[in-house]
2 protein chains.
Amino acid sequence: MADTGLTIDEAISDRVREAEHPRSHCVRFDVSDPLKLDANVNLVPFQIAYQTYGTLNAERSNAVLICHALTGDQHVANRHPVTGKSGWWETMVGPGRPIDTGRYFVICANVVGACMGTTGPASINPATDRPWGLEFPVVTIRDIVRAQAKLLDYLGIDSLFAVAGGSMGGMQVLQWAASYPERVFAALPIACATRHSAQNIAFHEVGRQAVMADPEWRQGRYLIEGTTPRRGLAVARMGAHITYLSDAALHRKFGRKFQDRDNPTFSFDADFEVESYLRHQGISFVERFDANSYLYLTRAMDYFDLAADYGGVLANAFKGTPARFCVVSFTSDWLFPTSDSRAIVHALNAGGARVSFAEIVTDKGHDAFLLEEPELIAIVRGFLDSAAKARGLGPLRS
Amino acid sequence: MADTGLTIDEAISDRVREAEHPRSHCVRFDVSDPLKLDANVNLVPFQIAYQTYGTLNAERSNAVLICHALTGDQHVANRHPVTGKSGWWETMVGPGRPIDTGRYFVICANVVGACMGTTGPASINPATDRPWGLEFPVVTIRDIVRAQAKLLDYLGIDSLFAVAGGSMGGMQVLQWAASYPERVFAALPIACATRHSAQNIAFHEVGRQAVMADPEWRQGRYLIEGTTPRRGLAVARMGAHITYLSDAALHRKFGRKFQDRDNPTFSFDADFEVESYLRHQGISFVERFDANSYLYLTRAMDYFDLAADYGGVLANAFKGTPARFCVVSFTSDWLFPTSDSRAIVHALNAGGARVSFAEIVTDKGHDAFLLEEPELIAIVRGFLDSAAKARGLGPLRS
């Protein structure tokens, strides 16, 4: 809040405006050009909000698609129009960074179902002229990727040099390689899995129930009724946030330290530092994210099961793929543990793909992919440099 | 609900009645005999509800105190008066069981702050003639144990043959050994720690915020105002329940299986089996537990830090203790991992105590201590049999 000087209500209305009229590039597809969804619905009309960085070369061969995570958006490497904060992956994307905007044309699109300008439950349903709410169709990771492919068609990009992302972004990378193998030269799925575990589905379900338990949610009609399920969404975020870190990281950051004092207050105030930290995480999330989008995108992750689309055999998803892969996991990530990444690697090997794999030793948990993690940065740089050489990409500015 | 034939509202009013007039043994201490709390308050008058099983021998030397966990109660080995279900530790306590009611006099008391008849926030505050709600003082594990010691005084039991419990019950066992070393012959702390980790505090805080976010909680005055924060408490329970299990156990039980069908419904119904299981856990918990008690007892666990009471040196808590210990952990328990139990063992060794330690291999997670786990049962039996021999306890009925 301090960053923008807005009240939380102003921030929310700002955010709702963003869903329909994003401060981003935005392409609105015509009624004649629907997005076909797995739920057997044609989403029409629909729009995609996206950011780009760098310059597309004459051969149109240097495009890198970044796929964002559950609560991320297209603002990878620029100041966020709602929160005023830096882009979410500026450690990785920018001039001289591993995903070098002096060399690559970087694209990141807000996913279908989200709330930063690509069509989602906070967007206007043309049939009613009101926000979709729960009348918005349930979307899948495959739908999200299908929409991104339409954006690439619109931009005239046949083939991506690379597609990269962590967490839900990594799921999209895997889906890209499976759905459009001929359009991906290099793929970088980080801290992800080919399917969500029962425990992860369970955590998501608790978050959804927290949102739905808030009477201000109004059966999903809160935007129409002028309310906000902020307490429910904040609780959902607090719970999820724990899963993004690790016990060791929480211990290192907070331990059992009390807030500004040595002894307990014998009250329900935020007595421990970790409590006030979590409360802050919850409150600041509400300011920038739509509660229904949270329901839809957690659902998309829960439904993701790449093998199921290929007769239950994961290797078939990658059979004969021409792409080269770099799979990365983190030792302290218990949301998408290394065993999930190993399953990806085994399937890629069985499918005959070129794959390198790195498990990075860190105590920072799942969120390590978003942080200044030197080994991750070196690995991404090395993988992309080598792939660029293989594709004959020179530095654009040299 | 099916067990009792009550509606959820009937079950709740039944439960509230239970807080004041329990279907248990109950001792009400006189105004002249207060419970001194760590919060520097005298709780007065106060009562303790408890169950006993078996017969106290003539030497009064065969008493075993069972300490219950966060959402447990005194109904260890009898049908529960509210839910109609079996006792929560019938695998361990009963005739011929490791804690053999044919041999030992088993006592279990509802903890201070709970809601099954020992004074807590759902009890009547004599100053206002209404339920205490948040005016109830914050209690600690040491307070809980102090109340149990008063109960033993009342029962005329100077020394316990054994004290046993898991999770929050294990914290009480450790506190017993520290506060009253001369009154404990054998101690069995299972799946616990001498202090709560930052991650565990964080999970508890999310649960408390879920309760407090429910408008029906009414700042803790819901019993006076005739409401119930059932949705908030259910969400809290759902989240906590995940931490009691393990990823492997959830995978084994539910995997990614859909409810009664092969494909997703593309909706927010409980599509996966794990979702409907969790929802059921949440709803059935509300029927039997008081929301404010949940706040108070999670707080008691968060505050627990045995070393802090002994100059920061855990070994001092156990220095020269005459008790013999058996410490047990489970490989898949990520709430109280084996490293926590090892810290207990190291402190006991440094304090010169007699201690045996077992880490049991299981995929059942933290809740393994409540389940029919053959190795746990064998270990408890062996430890108590050997301690009984050392204390010269013969079988009562032989």
# chains A, B, ... in the order shown; residues from 1 in each chain; ligands from 1
call {"tool": "interface_residues", "arguments": {"of": "chain B", "to": "chain A", "cutoff": "8 Å", "atoms": "only C-alpha atoms", "output": "number ranges by chain"}}
result
B: 39, 137-139, 197-199, 201-203, 205-206, 209-210, 213-214, 231-232, 235, 238-239, 242, 246-247, 250-251, 254-256, 264, 266-268, 274-275, 278, 299, 303
call {"tool": "select_by_dssp", "arguments": {"residues": "region 13-216 of chain B", "states": "helix (DSSP H, G or I)", "output": "tab-separated table (two decimals) with N, CA and C atoms, in the first residue's frame"}}
result
chain	number	residue	atom	x	y	z
B	13	SER	N	-25.02	-27.29	20.68
B	13	SER	CA	-25.53	-26.92	22.00
B	13	SER	C	-25.22	-28.03	23.00
B	14	ASP	N	-25.22	-29.25	22.54
B	14	ASP	CA	-24.82	-30.40	23.36
B	14	ASP	C	-23.38	-30.20	23.84
B	15	ARG	N	-22.55	-29.75	22.95
B	15	ARG	CA	-21.14	-29.56	23.25
B	15	ARG	C	-20.95	-28.43	24.25
B	16	VAL	N	-21.73	-27.37	24.10
B	16	VAL	CA	-21.62	-26.24	25.02
B	16	VAL	C	-22.04	-26.67	26.43
B	17	ARG	N	-23.10	-27.44	26.51
B	17	ARG	CA	-23.55	-27.97	27.80
B	17	ARG	C	-22.40	-28.79	28.43
B	18	GLU	N	-21.72	-29.54	27.57
B	18	GLU	CA	-20.62	-30.40	28.02
B	18	GLU	C	-19.51	-29.59	28.67
B	19	ALA	N	-19.29	-28.36	28.22
B	19	ALA	CA	-18.23	-27.52	28.78
B	19	ALA	C	-18.50	-27.21	30.24
B	20	GLU	N	-19.76	-27.09	30.61
B	20	GLU	CA	-20.10	-26.71	31.99
B	20	GLU	C	-20.49	-27.93	32.82
B	133	GLY	N	-15.44	-16.57	26.65
B	133	GLY	CA	-14.98	-16.06	25.35
B	133	GLY	C	-13.55	-15.59	25.47
B	134	LEU	N	-13.20	-14.50	24.81
B	134	LEU	CA	-11.82	-14.02	24.80
B	134	LEU	C	-11.40	-13.37	26.12
B	135	GLU	N	-12.33	-13.26	27.07
B	135	GLU	CA	-11.90	-12.78	28.39
B	135	GLU	C	-11.19	-13.88	29.19
B	141	ILE	N	1.25	-24.59	28.24
B	141	ILE	CA	1.40	-26.01	28.52
B	141	ILE	C	1.72	-26.21	30.01
B	142	ARG	N	2.49	-25.31	30.59
B	142	ARG	CA	2.82	-25.42	32.01
B	142	ARG	C	1.58	-25.26	32.89
B	143	ASP	N	0.67	-24.36	32.47
B	143	ASP	CA	-0.59	-24.21	33.19
B	143	ASP	C	-1.42	-25.49	33.13
B	144	ILE	N	-1.43	-26.08	31.94
B	144	ILE	CA	-2.20	-27.32	31.74
B	144	ILE	C	-1.68	-28.40	32.67
B	145	VAL	N	-0.36	-28.50	32.76
B	145	VAL	CA	0.25	-29.52	33.61
B	145	VAL	C	0.04	-29.19	35.10
B	146	ARG	N	0.08	-27.92	35.44
B	146	ARG	CA	-0.17	-27.50	36.82
B	146	ARG	C	-1.59	-27.92	37.27
B	147	ALA	N	-2.53	-27.77	36.35
B	147	ALA	CA	-3.91	-28.18	36.66
B	147	ALA	C	-3.99	-29.69	36.86
B	148	GLN	N	-3.25	-30.44	36.01
B	148	GLN	CA	-3.25	-31.90	36.15
B	148	GLN	C	-2.65	-32.30	37.50
B	149	ALA	N	-1.62	-31.56	37.94
B	149	ALA	CA	-0.99	-31.87	39.24
B	149	ALA	C	-1.99	-31.65	40.38
B	150	LYS	N	-2.82	-30.63	40.23
B	150	LYS	CA	-3.86	-30.39	41.25
B	150	LYS	C	-4.87	-31.54	41.28
B	151	LEU	N	-5.16	-32.06	40.09
B	151	LEU	CA	-6.07	-33.20	40.03
B	151	LEU	C	-5.47	-34.41	40.75
B	152	LEU	N	-4.17	-34.64	40.51
B	152	LEU	CA	-3.51	-35.78	41.17
B	152	LEU	C	-3.52	-35.60	42.69
B	153	ASP	N	-3.28	-34.36	43.14
B	153	ASP	CA	-3.35	-34.09	44.58
B	153	ASP	C	-4.73	-34.47	45.11
B	154	TYR	N	-5.74	-34.03	44.37
B	154	TYR	CA	-7.12	-34.32	44.77
B	154	TYR	C	-7.37	-35.82	44.84
B	155	LEU	N	-6.79	-36.56	43.89
B	155	LEU	CA	-6.98	-38.02	43.85
B	155	LEU	C	-6.07	-38.75	44.83
B	168	MET	N	0.65	-32.43	21.22
B	168	MET	CA	0.53	-31.54	22.36
B	168	MET	C	0.56	-32.34	23.67
B	169	GLY	N	0.09	-33.60	23.61
B	169	GLY	CA	0.18	-34.48	24.78
B	169	GLY	C	1.63	-34.76	25.15
B	170	GLY	N	2.48	-34.91	24.13
B	170	GLY	CA	3.90	-35.13	24.38
B	170	GLY	C	4.57	-33.92	25.00
B	171	MET	N	4.13	-32.73	24.58
B	171	MET	CA	4.65	-31.51	25.20
B	171	MET	C	4.34	-31.53	26.71
B	172	GLN	N	3.14	-31.96	27.05
B	172	GLN	CA	2.77	-32.04	28.47
B	172	GLN	C	3.64	-33.06	29.21
B	173	VAL	N	3.93	-34.17	28.55
B	173	VAL	CA	4.79	-35.18	29.18
B	173	VAL	C	6.15	-34.56	29.52
B	174	LEU	N	6.71	-33.83	28.56
B	174	LEU	CA	8.02	-33.19	28.79
B	174	LEU	C	7.92	-32.15	29.91
B	175	GLN	N	6.83	-31.40	29.91
B	175	GLN	CA	6.64	-30.40	30.96
B	175	GLN	C	6.49	-31.06	32.33
B	176	TRP	N	5.79	-32.20	32.37
B	176	TRP	CA	5.67	-32.96	33.62
B	176	TRP	C	7.05	-33.33	34.17
B	177	ALA	N	7.87	-33.87	33.28
B	177	ALA	CA	9.21	-34.32	33.71
B	177	ALA	C	10.03	-33.14	34.21
B	178	ALA	N	9.82	-31.97	33.61
B	178	ALA	CA	10.59	-30.79	34.00
B	178	ALA	C	10.03	-30.16	35.28
B	179	SER	N	8.71	-30.04	35.36
B	179	SER	CA	8.10	-29.34	36.50
B	179	SER	C	8.03	-30.21	37.76
B	181	PRO	N	9.70	-33.53	38.53
B	181	PRO	CA	10.54	-34.73	38.24
B	181	PRO	C	10.32	-35.84	39.28
B	182	GLU	N	10.06	-35.47	40.51
B	182	GLU	CA	9.91	-36.48	41.56
B	182	GLU	C	8.58	-37.22	41.48
B	183	ARG	N	7.67	-36.71	40.67
B	183	ARG	CA	6.35	-37.34	40.58
B	183	ARG	C	6.20	-38.23	39.35
B	198	ALA	N	8.88	-22.30	13.73
B	198	ALA	CA	8.26	-21.14	13.06
B	198	ALA	C	7.19	-21.61	12.06
B	199	GLN	N	7.46	-22.70	11.38
B	199	GLN	CA	6.48	-23.21	10.41
B	199	GLN	C	5.20	-23.66	11.12
B	200	ASN	N	5.36	-24.31	12.26
B	200	ASN	CA	4.18	-24.77	12.99
B	200	ASN	C	3.39	-23.59	13.55
B	201	ILE	N	4.10	-22.59	14.04
B	201	ILE	CA	3.41	-21.37	14.50
B	201	ILE	C	2.65	-20.76	13.34
B	202	ALA	N	3.29	-20.74	12.16
B	202	ALA	CA	2.66	-20.17	10.96
B	202	ALA	C	1.37	-20.91	10.61
B	203	PHE	N	1.43	-22.23	10.59
B	203	PHE	CA	0.20	-22.99	10.30
B	203	PHE	C	-0.89	-22.71	11.34
B	204	HIS	N	-0.51	-22.63	12.60
B	204	HIS	CA	-1.51	-22.32	13.63
B	204	HIS	C	-2.11	-20.94	13.42
B	205	GLU	N	-1.26	-19.99	13.06
B	205	GLU	CA	-1.74	-18.63	12.86
B	205	GLU	C	-2.76	-18.58	11.71
B	206	VAL	N	-2.52	-19.33	10.65
B	206	VAL	CA	-3.49	-19.37	9.55
B	206	VAL	C	-4.82	-19.91	10.06
B	207	GLY	N	-4.78	-20.95	10.88
B	207	GLY	CA	-6.01	-21.51	11.45
B	207	GLY	C	-6.74	-20.49	12.31
B	208	ARG	N	-6.00	-19.79	13.15
B	208	ARG	CA	-6.64	-18.77	13.99
B	208	ARG	C	-7.25	-17.65	13.14
B	209	GLN	N	-6.52	-17.24	12.12
B	209	GLN	CA	-7.05	-16.18	11.25
B	209	GLN	C	-8.29	-16.66	10.51
B	210	ALA	N	-8.34	-17.93	10.15
B	210	ALA	CA	-9.54	-18.47	9.48
B	210	ALA	C	-10.73	-18.37	10.43
B	211	VAL	N	-10.55	-18.72	11.69
B	211	VAL	CA	-11.64	-18.61	12.67
B	211	VAL	C	-12.05	-17.15	12.85
B	212	MET	N	-11.06	-16.29	13.06
B	212	MET	CA	-11.35	-14.89	13.35
B	212	MET	C	-11.92	-14.15	12.13
B	213	ALA	N	-11.65	-14.67	10.92
B	213	ALA	CA	-12.18	-14.04	9.71
B	213	ALA	C	-13.67	-14.32	9.55
B	215	PRO	N	-17.30	-13.90	10.23
B	215	PRO	CA	-18.08	-12.88	10.96
B	215	PRO	C	-18.91	-13.49	12.09
B	216	GLU	N	-19.23	-14.78	11.99
B	216	GLU	CA	-20.02	-15.44	13.04
B	216	GLU	C	-19.19	-15.68	14.30
call {"tool": "atom_distance", "arguments": {"atom1": "CA of Asp262 (chain B)", "atom2": "CA of Thr71 (chain A)"}}
result
29.2 Å
call {"tool": "residues_around", "arguments": {"residues": "region 65-68 of chain B", "least_positions_apart": "2", "cutoff": "7 Å", "atoms": "only C-alpha atoms", "output": "list in words"}}
result
Ala63, Leu70, Gly72, Asp73, Val106, Ile107, Cys108, Ala162, Val163, Ala164, Gly165, Met168, Gly169 and Gln172 of chain B
call {"tool": "select_by_dssp", "arguments": {"residues": "region 3-197 of chain B", "states": "strand (DSSP E or B)", "output": "PyMOL selection string"}}
result
chain B and resi 25-28+35-36+42-43+47-53+63-67+93-94+99-100+105-109+124-125+130-131+160-166+184-190+195
call {"tool": "write_last_selection", "arguments": {"atoms": "N, CA and C atoms", "output": "short mmCIF file (atom, residue, chain, number, x, y, z; two decimals), in the first residue's frame"}}
result
data_model
loop_
_atom_site.label_atom_id
_atom_site.label_comp_id
_atom_site.auth_asym_id
_atom_site.auth_seq_id
_atom_site.Cartn_x
_atom_site.Cartn_y
_atom_site.Cartn_z
N HIS B 25 -16.23 -37.72 35.15
CA HIS B 25 -15.89 -37.27 36.50
C HIS B 25 -15.52 -35.80 36.39
N CYS B 26 -15.79 -35.06 37.45
CA CYS B 26 -15.46 -33.64 37.41
C CYS B 26 -15.19 -33.14 38.83
N VAL B 27 -14.08 -32.47 39.00
CA VAL B 27 -13.80 -31.88 40.32
C VAL B 27 -13.76 -30.36 40.17
N ARG B 28 -14.53 -29.70 41.01
CA ARG B 28 -14.59 -28.23 40.96
C ARG B 28 -13.81 -27.71 42.17
N LEU B 35 -6.12 -21.77 40.37
CA LEU B 35 -5.04 -22.24 39.51
C LEU B 35 -4.23 -21.01 39.09
N LYS B 36 -2.97 -21.01 39.53
CA LYS B 36 -2.10 -19.87 39.19
C LYS B 36 -1.60 -20.07 37.75
N ASN B 42 -5.00 -15.58 38.53
CA ASN B 42 -5.53 -16.73 39.26
C ASN B 42 -6.86 -17.14 38.66
N LEU B 43 -6.91 -18.34 38.12
CA LEU B 43 -8.17 -18.82 37.56
C LEU B 43 -8.98 -19.43 38.69
N GLN B 47 -12.64 -25.98 37.22
CA GLN B 47 -12.97 -27.41 37.35
C GLN B 47 -12.17 -28.22 36.34
N ILE B 48 -11.97 -29.48 36.68
CA ILE B 48 -11.29 -30.40 35.77
C ILE B 48 -12.19 -31.60 35.52
N ALA B 49 -12.44 -31.86 34.25
CA ALA B 49 -13.20 -33.05 33.87
C ALA B 49 -12.21 -34.14 33.49
N TYR B 50 -12.46 -35.34 33.95
CA TYR B 50 -11.49 -36.41 33.69
C TYR B 50 -12.17 -37.75 33.63
N GLN B 51 -11.51 -38.69 33.01
CA GLN B 51 -11.94 -40.08 32.99
C GLN B 51 -10.87 -40.93 33.66
N THR B 52 -11.28 -42.03 34.27
CA THR B 52 -10.32 -43.01 34.78
C THR B 52 -10.74 -44.39 34.30
N TYR B 53 -9.75 -45.26 34.23
CA TYR B 53 -9.96 -46.65 33.81
C TYR B 53 -9.10 -47.52 34.70
N ALA B 63 -0.54 -45.54 38.83
CA ALA B 63 -1.30 -44.55 38.05
C ALA B 63 -0.55 -44.14 36.78
N VAL B 64 -1.27 -44.10 35.67
CA VAL B 64 -0.72 -43.63 34.40
C VAL B 64 -1.56 -42.45 33.94
N LEU B 65 -0.91 -41.33 33.72
CA LEU B 65 -1.61 -40.15 33.21
C LEU B 65 -1.43 -40.09 31.71
N ILE B 66 -2.55 -39.99 31.00
CA ILE B 66 -2.51 -39.80 29.55
C ILE B 66 -2.78 -38.32 29.27
N CYS B 67 -1.95 -37.74 28.46
CA CYS B 67 -2.14 -36.32 28.10
C CYS B 67 -2.65 -36.25 26.66
N VAL B 93 -4.91 -48.09 24.96
CA VAL B 93 -5.39 -48.12 26.35
C VAL B 93 -6.60 -49.04 26.45
N GLY B 94 -6.53 -50.02 27.35
CA GLY B 94 -7.67 -50.91 27.57
C GLY B 94 -7.18 -52.24 28.12
N ILE B 99 -1.08 -49.99 27.47
CA ILE B 99 -1.41 -49.29 28.72
C ILE B 99 -2.64 -50.01 29.26
N ASP B 100 -2.33 -51.10 29.99
CA ASP B 100 -3.30 -52.14 30.32
C ASP B 100 -4.14 -51.71 31.52
N PHE B 105 -3.90 -47.89 36.71
CA PHE B 105 -5.01 -46.97 36.93
C PHE B 105 -4.78 -45.79 35.98
N VAL B 106 -5.57 -45.72 34.94
CA VAL B 106 -5.32 -44.75 33.88
C VAL B 106 -6.23 -43.53 34.08
N ILE B 107 -5.60 -42.37 34.02
CA ILE B 107 -6.31 -41.10 34.19
C ILE B 107 -6.08 -40.26 32.94
N CYS B 108 -7.12 -39.62 32.47
CA CYS B 108 -6.93 -38.60 31.44
C CYS B 108 -7.84 -37.43 31.76
N ALA B 109 -7.26 -36.25 31.81
CA ALA B 109 -8.02 -35.04 32.14
C ALA B 109 -8.12 -34.14 30.93
N ILE B 124 -18.54 -20.91 31.91
CA ILE B 124 -19.18 -19.68 32.42
C ILE B 124 -18.18 -18.89 33.27
N ASN B 125 -18.02 -17.64 32.93
CA ASN B 125 -17.20 -16.73 33.72
C ASN B 125 -18.06 -16.26 34.91
N ARG B 130 -21.68 -15.40 32.05
CA ARG B 130 -21.75 -15.72 30.61
C ARG B 130 -20.46 -16.43 30.21
N PRO B 131 -20.46 -17.09 29.06
CA PRO B 131 -19.22 -17.76 28.65
C PRO B 131 -18.05 -16.76 28.60
N LEU B 160 3.28 -40.59 39.76
CA LEU B 160 2.76 -41.32 38.61
C LEU B 160 3.71 -42.44 38.24
N PHE B 161 3.13 -43.61 37.96
CA PHE B 161 3.99 -44.63 37.37
C PHE B 161 4.46 -44.15 36.00
N ALA B 162 3.53 -43.60 35.23
CA ALA B 162 3.93 -43.13 33.89
C ALA B 162 3.05 -41.99 33.44
N VAL B 163 3.62 -41.19 32.56
CA VAL B 163 2.85 -40.15 31.88
C VAL B 163 3.16 -40.29 30.39
N ALA B 164 2.11 -40.27 29.59
CA ALA B 164 2.28 -40.57 28.17
C ALA B 164 1.38 -39.68 27.33
N GLY B 165 1.85 -39.35 26.12
CA GLY B 165 1.01 -38.59 25.20
C GLY B 165 1.74 -38.28 23.92
N GLY B 166 0.97 -37.95 22.88
CA GLY B 166 1.54 -37.60 21.59
C GLY B 166 1.20 -36.17 21.23
N VAL B 184 7.25 -38.39 38.56
CA VAL B 184 7.16 -39.16 37.30
C VAL B 184 8.18 -40.30 37.33
N PHE B 185 7.72 -41.53 37.24
CA PHE B 185 8.63 -42.68 37.19
C PHE B 185 9.06 -42.97 35.74
N ALA B 186 8.10 -42.90 34.84
CA ALA B 186 8.41 -43.18 33.42
C ALA B 186 7.65 -42.20 32.54
N ALA B 187 8.33 -41.73 31.49
CA ALA B 187 7.74 -40.70 30.63
C ALA B 187 7.81 -41.12 29.17
N LEU B 188 6.72 -40.94 28.44
CA LEU B 188 6.61 -41.40 27.06
C LEU B 188 6.14 -40.26 26.14
N PRO B 189 7.06 -39.38 25.75
CA PRO B 189 6.66 -38.32 24.82
C PRO B 189 6.76 -38.80 23.38
N ILE B 190 5.66 -38.70 22.64
CA ILE B 190 5.58 -39.25 21.29
C ILE B 190 5.30 -38.13 20.29
N ARG B 195 9.79 -27.34 21.64
CA ARG B 195 9.28 -26.04 21.23
C ARG B 195 8.72 -26.13 19.83
#
